[in-house]
Amino acid sequence: MKAADLEELLAAKEIVVCCGSGGVGKTSIAAATALVAATRLPGRVLVLTIDPARRLATALGLDGIGNVAHQVPPSVLAATGLEPRGELWAAMLDTKQSWDELVLAHSRDEESAYRILDNRLYHSLTSRFVQSHDYIAMERLYELHSGGDYDLIVVDTPPTRNAIDFLDAPARMAEFFAGRLLRWLTLPYRVGGKRGTRVLNVASRPFYQVADRVLGSKFLEDIAGFFLNFQPMYEGFVERATAVQALLSDRRTTFAVVTTLEAAPLHEAERFCDELRTRGFHLGALVLNMTLPASLLSRDGASAADALVSRSAELAGALGEIDDEALSDHDRTARVLRTVGESFRNFAVVAKREAELRTELQRVPDVVLDVPSLARDVGDVSGLAEIARHLVGTISA
Amino acid sequence: MGAGPALLDRRLLFFTGKGGVGKSTMAAACALLAAERGKRVLLVGVDAKGDVAAQFERPAVGFTPREVHPGVFAMALDTEASLREYLRLQLRIPVFGRLGPLARVFDFVATAAPGVKEILTVGKVCWEVRESIAGRAAWDLVVVDAAATGHIVAQLGAADAISELVDVGPVRAQTAWVADLLADPAVSAVNVVTTPEEMPVAETIELVARVRSDLRVALGAVVVNRVLPELFTHADEATFAALRHDGATAVLEREAGSGVRAVLDGASLAVSLRRTRAEHLAHLRAEVDLPMLYVPYLFVRAHGLRVTRMVAASLEAELGL
């Protein structure tokens, strides 16, 4: 599928996954993308955010709310001058709660569920296992999508060290639960029958020899015990993880890669684009966020800036013909003119670096969107609306 | 301002911060600054990206430290290599060849069990410091390009966390000295890198509070990166506003060419960017009472060593060296 612009892309897909390295503005772009859908297309769109700034969460009505989706009141959207055609809903990801729900859903009965939920290892596994955040985000996406309540879901991705990690999360989770790793860990205890009697086979012996010395056997027993409790759920987990994986590569899902025009995030974004292609995922759009305006590259601008710096006194004198108190002190005016010219030159250097990086962008998707550095922070719906306008307005096909 | 010892007089400096704020650059600049003052510095990258050597225009480094700049030795930590060394040095278990599946199982157990993976990382770093203090290794300073704000507390708190879970065993015995080394304010400090933007500032405030409540490690400084210059004084601002009026702009266009509008627009953008950032900076100052080091936004086209040098020069000026 080729999409000429974002609107077409959003009309054709059911899921948009926004990804990119930390600090590039994924969360705002995801929210603004959902806003574009709600104002341009009929139907119900949900933005699933992971870790929004407090003000943005407040703006979307997500204060102190866990996993529950809330509609952003149409009046809030209308106040920004954007006429909503559909409904905008927002939800936040509560990792802990999502895991709890998953365990409850897959357990045979409540008692076995609580045996897991109350285990001291459970908490650290779900909250510290970084990959578990990745997995649970995708799992929650699956849940929301299969619920059938939304025409489009735009999802933010967790701030990971490596943006690609979350793509592997479902597969890794399935592999882990189905795999040898876990059998190794629990087998000695299962064979032994009752707890505490450990029977080691040839394969697991070296591991336990090292692990015992490092961690102590009591601790290993705790871990094995935990996973034995988990065992009745394995099948459901593996099935689920496989389904989540399938959803990511489904043609109804597309990815929007967000980056700034700085070397490191851009490099990461390119790697990510390649990776998506290799895995056969649909790369829908590349969003270049917080870019500097093209006017900083203009030759006319450069020569005017030169004039302001080198002929500041003369220009300050010429401005004397204007009857304005603020321009009456020529020295001051000259100083301001120099500063203005120098500032332009400074930012022009950065704009040129950005332009260079932009031309180096190879193998980009059909849709490349530019969102300029905004004069203020995006902390409310009207800020999102401003981004949304740029997302719709700046198409370089 | 700073009650503790000066930044570079410590033996172990962690640099953390939200992703994308310039942790690696700051850690490298600090290492460079110390090396220029005659110190022998070990720069440790904890992220798997191999960024530390890139700050000196050198190819990625591995687990064995390599000199990437006079006086600066860089290494990248990885769990398997740390585990191997840990087993060999601490527990005297030799491991031959790759750990392979064993490492994967261990990797998992380490991930599931709070603190195990972290203790390998932070344990290795602390070990280098301890050996140096004892005169068996030659590092005057160990600088760590550490985990991001989300993970640093788990990493530095690992030694304490693990003793709660692992009742006996050599790991527990080994963690006590790590915890003590980290808790010594004359030796170790955590520095938080941020930018004057909303999310990095929010995370910094949160992290400083968490470090104080959850950890025994001293906080060093907050390094504010990419600070935009203040263009105008209050009075100058009125003059700039007057230049934006049609009449004045027309005069300038006549005298300096049609590009004047773009130049004035550029300055307006610079002013408003600076203004929103100043608000975040004020918020940060109000909430965090640590020494602040300001590193200006660099209007350069270069990166790599050139940027590391420029940042080091800014830090030097800020530290009053």
# chains A, B, ... in the order shown; residues from 1 in each chain; ligands from 1
$ residues_around --residues "Val309 in chain A" --least-positions-apart "5" --cutoff "9 Å" --atoms "only C-alpha atoms" --output "JSON, numbers by chain"
{"A": [304, 334, 335, 337, 338, 339, 340, 341, 342]}
$ residues_around --residues "range 59-74 of chain B" --least-positions-apart "5" --cutoff "10 Å" --atoms "only C-alpha atoms" --output "NGL selection string"
:B and (28 or 31-45 or 48-54 or 79-82 or 139 or 141-144 or 305)
$ select_by_dssp --residues "range 126-193 of chain B" --states "helix (DSSP H, G or I)" --output "JSON, numbers by chain"
{"B": [126, 127, 128, 129, 130, 131, 132, 133, 149, 150, 151, 152, 153, 154, 155, 156, 158, 159, 160, 161, 162, 163, 164, 165, 170, 171, 172, 173, 174, 175, 176, 177, 178, 179, 180, 181, 182, 183]}
$ residues_around --residues "Leu252 in chain B" --least-positions-apart "3" --cutoff "9 Å" --atoms "only C-alpha atoms" --output "list of chain:residue names"
A:Ala304, A:Leu308, A:Leu315, A:Ala318, A:Leu319, B:Leu243, B:Gly247, B:Ala248, B:Thr249, B:Glu255, B:Ala256, B:Gly257, B:Ser258, B:Val260, B:Arg261
$ write_last_selection --atoms "N, CA and C atoms" --output "mmCIF file, in the first residue's frame"
data_model
loop_
_atom_site.group_PDB
_atom_site.id
_atom_site.type_symbol
_atom_site.label_atom_id
_atom_site.label_comp_id
_atom_site.auth_asym_id
_atom_site.auth_seq_id
_atom_site.Cartn_x
_atom_site.Cartn_y
_atom_site.Cartn_z
ATOM 1 N N ALA A 304 21.349 39.048 4.670
ATOM 2 C CA ALA A 304 20.754 40.056 5.552
ATOM 3 C C ALA A 304 21.383 39.982 6.940
ATOM 4 N N LEU A 308 23.291 42.863 9.004
ATOM 5 C CA LEU A 308 22.907 43.277 10.354
ATOM 6 C C LEU A 308 24.107 43.282 11.297
ATOM 7 N N LEU A 315 22.699 50.795 9.941
ATOM 8 C CA LEU A 315 21.286 50.415 9.898
ATOM 9 C C LEU A 315 20.512 51.036 11.055
ATOM 10 N N ALA A 318 19.706 54.425 10.019
ATOM 11 C CA ALA A 318 18.616 54.462 9.043
ATOM 12 C C ALA A 318 17.268 54.293 9.734
ATOM 13 N N LEU A 319 17.257 53.492 10.816
ATOM 14 C CA LEU A 319 16.006 53.260 11.539
ATOM 15 C C LEU A 319 15.561 54.505 12.314
ATOM 16 N N LEU B 243 11.614 46.476 16.120
ATOM 17 C CA LEU B 243 12.131 46.096 14.799
ATOM 18 C C LEU B 243 11.131 45.243 14.030
ATOM 19 N N GLY B 247 6.879 49.165 9.797
ATOM 20 C CA GLY B 247 7.690 50.296 9.342
ATOM 21 C C GLY B 247 9.169 50.009 9.480
ATOM 22 N N ALA B 248 9.597 49.540 10.659
ATOM 23 C CA ALA B 248 11.008 49.280 10.914
ATOM 24 C C ALA B 248 11.515 48.139 10.035
ATOM 25 N N THR B 249 10.692 47.081 9.920
ATOM 26 C CA THR B 249 11.104 45.949 9.095
ATOM 27 C C THR B 249 11.294 46.389 7.643
ATOM 28 N N GLU B 255 17.364 48.401 3.358
ATOM 29 C CA GLU B 255 18.802 48.604 3.578
ATOM 30 C C GLU B 255 19.618 47.311 3.528
ATOM 31 N N ALA B 256 19.034 46.204 3.987
ATOM 32 C CA ALA B 256 19.826 44.979 4.146
ATOM 33 C C ALA B 256 19.310 43.800 3.329
ATOM 34 N N GLY B 257 18.262 44.034 2.539
ATOM 35 C CA GLY B 257 17.784 42.972 1.665
ATOM 36 C C GLY B 257 16.552 42.268 2.205
ATOM 37 N N SER B 258 15.930 41.491 1.297
ATOM 38 C CA SER B 258 14.632 40.894 1.607
ATOM 39 C C SER B 258 14.726 39.780 2.649
ATOM 40 N N VAL B 260 15.730 39.960 5.539
ATOM 41 C CA VAL B 260 15.629 40.466 6.908
ATOM 42 C C VAL B 260 14.502 39.798 7.690
ATOM 43 N N ARG B 261 13.373 39.583 7.005
ATOM 44 C CA ARG B 261 12.234 38.972 7.671
ATOM 45 C C ARG B 261 12.600 37.589 8.242
#
$ residues_around --residues "Val208 in chain B" --least-positions-apart "3" --cutoff "10 Å" --atoms "only C-alpha atoms" --output "ChimeraX atom specification"
/B:149,190-192,203-205,211-213,219,222,287-290
$ write_last_selection --atoms "C-alpha atoms" --output "compact mmCIF listing (two decimals), in the first residue's frame"
# COMPACT_ATOMS: atom_id res chain seq x y z
CA THR B 149 16.87 7.61 34.98
CA VAL B 190 25.71 10.37 41.04
CA ASN B 191 25.38 13.24 38.59
CA VAL B 192 22.19 13.86 36.71
CA GLU B 203 12.55 13.15 35.50
CA THR B 204 15.49 14.89 37.13
CA ILE B 205 13.37 16.21 39.99
CA VAL B 211 18.06 8.79 45.08
CA ARG B 212 17.67 10.61 48.39
CA SER B 213 14.93 8.34 49.68
CA LEU B 219 24.37 13.24 44.64
CA VAL B 222 22.98 18.42 37.99
CA GLU B 287 12.91 21.97 43.16
CA VAL B 288 16.50 20.77 43.27
CA ASP B 289 19.11 22.19 45.62
CA LEU B 290 22.18 20.63 44.04
$ residues_around --residues "Ala351 in chain A" --least-positions-apart "3" --cutoff "6 Å" --atoms "only C-alpha atoms" --output "list in words"
Leu292, Ala348 and Glu354 of chain A
